[in-house]
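Participant: Dropping the structure in here first, questions after.
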Amino acid sequence: MLEFFFTTCPSICPKMNQSMLVIENSFFGNPNFGIVSISIDPEHDTPVVLKSHRELLGAKSANWNFLTGDKTYIYDLANKGFNVFVGENHKVKGGFEHSGLFALIDKKGISVAEKTILETQFCTMMVWIKRA
């Protein structure tokens, strides 16, 4: 599973992270499952900030990685690589916009689904994960 988020997000990111936490707990210990959370605010979300966020969230799996890096690379990866919109917009609360989609990557590294996880779709998402 892959998500794009930022730690100071005032809207959907906390819900996304909580959904990932439930998924992490459901697949905890499965060596064939991992989560990657990539920050879209690398200027603020340093490795130290991401480590603190991980601890605050309660993420326990060694297979859940919180990443940061070059902003241009991250935005190209999201928008062009995974077709998951991210961008800066200083007119919106938090300064960033993103789709709130998760990408499900199969064992071959191929994105097989870009979905939102709403409570009504959660069971369906768990089925997709098990099939990937």
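Simple scheme: letters A, B, ... for chains in structure tokens order, numbers from 1 for residues in each chain, numbers from 1 for ligands in the order shown.
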Considering only C-alpha atoms, return as a compact mmCIF listing (two decimals) with all heavy atoms, in the first residue's frame whatever protein or nucleic-acid residues lie within 12 Å of Pro31 (chain A), sequence-local ones (same chain, fewer than 4 positions apart) excluded.

Facilitator:
```txt
# COMPACT_ATOMS: atom_id res chain seq x y z
N GLU A 24 -2.48 -2.02 8.76
CA GLU A 24 -1.24 -2.55 9.32
C GLU A 24 -1.54 -3.63 10.36
O GLU A 24 -0.93 -4.70 10.35
CB GLU A 24 -0.43 -1.43 9.97
CG GLU A 24 0.83 -1.97 10.65
CD GLU A 24 1.37 -1.08 11.76
OE1 GLU A 24 0.57 -0.42 12.45
OE2 GLU A 24 2.59 -1.08 11.95
N PHE A 27 -2.63 -6.95 8.85
CA PHE A 27 -1.61 -7.72 8.13
C PHE A 27 -0.29 -7.79 8.89
O PHE A 27 0.74 -8.16 8.32
CB PHE A 27 -1.38 -7.11 6.74
CG PHE A 27 -2.54 -7.33 5.81
CD1 PHE A 27 -3.57 -6.40 5.74
CD2 PHE A 27 -2.63 -8.48 5.04
CE1 PHE A 27 -4.65 -6.60 4.90
CE2 PHE A 27 -3.71 -8.69 4.21
CZ PHE A 27 -4.72 -7.75 4.14
N ILE A 35 3.65 -1.10 3.82
CA ILE A 35 3.03 0.21 3.63
C ILE A 35 4.14 1.23 3.44
O ILE A 35 5.15 1.21 4.15
CB ILE A 35 2.16 0.60 4.84
CG1 ILE A 35 1.03 -0.40 5.06
CG2 ILE A 35 1.62 2.02 4.67
CD1 ILE A 35 0.26 -0.20 6.35
N SER A 61 4.85 -1.94 12.62
CA SER A 61 5.43 -2.86 11.65
C SER A 61 6.72 -2.29 11.06
O SER A 61 6.80 -1.13 10.68
CB SER A 61 4.44 -3.13 10.52
OG SER A 61 5.05 -3.91 9.52
N ALA A 62 7.72 -3.16 10.97
CA ALA A 62 8.96 -2.79 10.28
C ALA A 62 8.71 -2.62 8.79
O ALA A 62 9.54 -2.05 8.08
CB ALA A 62 10.03 -3.85 10.53
N ASN A 63 7.57 -3.11 8.31
CA ASN A 63 7.22 -3.01 6.90
C ASN A 63 6.40 -1.76 6.58
O ASN A 63 5.81 -1.67 5.51
CB ASN A 63 6.45 -4.25 6.44
CG ASN A 63 7.35 -5.46 6.36
OD1 ASN A 63 8.56 -5.35 6.31
ND2 ASN A 63 6.75 -6.63 6.36
N TRP A 64 6.30 -0.81 7.51
CA TRP A 64 5.64 0.47 7.24
C TRP A 64 6.71 1.53 7.27
O TRP A 64 7.28 1.86 8.30
CB TRP A 64 4.56 0.76 8.27
CG TRP A 64 3.71 1.96 7.95
CD1 TRP A 64 3.93 2.91 6.98
CD2 TRP A 64 2.51 2.35 8.61
NE1 TRP A 64 2.93 3.85 6.99
CE2 TRP A 64 2.04 3.53 7.98
CE3 TRP A 64 1.78 1.82 9.66
CZ2 TRP A 64 0.89 4.18 8.39
CZ3 TRP A 64 0.63 2.48 10.06
CH2 TRP A 64 0.18 3.64 9.43
N LYS A 107 2.80 -7.73 -5.99
CA LYS A 107 4.12 -8.29 -5.68
C LYS A 107 5.15 -8.00 -6.77
O LYS A 107 6.35 -8.07 -6.52
CB LYS A 107 4.01 -9.79 -5.45
CG LYS A 107 3.24 -10.15 -4.21
CD LYS A 107 3.07 -11.65 -4.08
CE LYS A 107 2.17 -11.97 -2.91
NZ LYS A 107 1.86 -13.39 -2.82
```

Participant: May I have all residues of region 3-110 of chain A that DSSP, computed from the backbone, assigns to strand (DSSP E), given as a list in words?

Facilitator: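 DSSP on the backbone gives strand (DSSP E) at Glu3, Phe4, Phe5, Ile35, Val36, Ser37, Ile38, Ser39, Trp64, Asn65, Phe66, Leu67, Val86, Gly87, Glu88, Phe96, Glu97, His98, Phe102, Ala103, Leu104 and Ile105 of chain A.
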
Participant: Region 2-14 of chain A: which residues within 9 Å, counting only C-alpha atoms, same-chain residues fewer than 6 positions away excluded, as a PyMOL selection string?

Facilitator: chain A and resi 20+34-42+44-45+49-50+53+74+78+84+86+93-96+98-105

Participant: DSSP on the backbone: which residues in chain A end up as helix (DSSP H, G or I)? Give the answer as number ranges by chain.

Facilitator: A: 13-26, 47-57, 71-81, 119-131

Participant: Taking only C-alpha atoms into account, name the residue in A:Phe33, A:Phe66, A:Phe28, A:Tyr75 that is nearest to Thr46 (chain A).

Facilitator: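 Selected residue with least distance to Thr46 (chain A): A:Phe66.
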
Participant: For a test of reading the model, state the distance in Å between CA of Ser26 (chain A) and CA of Asn79 (chain A), rounded to one decimal.

Facilitator: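 Separating CA of Ser26 (chain A) from CA of Asn79 (chain A) is a distance of 28.6 Å.
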
Participant: Mind giving me the straight-line distance from CA of Asn65 (chain A) to CA of Val48 (chain A) in Å, one decimal?

Facilitator: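 We find that CA of Asn65 (chain A) and CA of Val48 (chain A) lie 13.1 Å from each other.
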
Participant: When you draw a straight line from CA of Ala59 (chain A) to CA of Pro47 (chain A), how long is it in Å?

Facilitator: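 Calculated distance between CA of Ala59 (chain A) and CA of Pro47 (chain A) is 15.1 Å.
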
Participant: Which residues, written as a count of residues only, have at least one atom at most 10 Å from Leu57 (chain A), with only C-alpha atoms counted and residues fewer than 3 positions away on the same chain left out?

Facilitator: 9
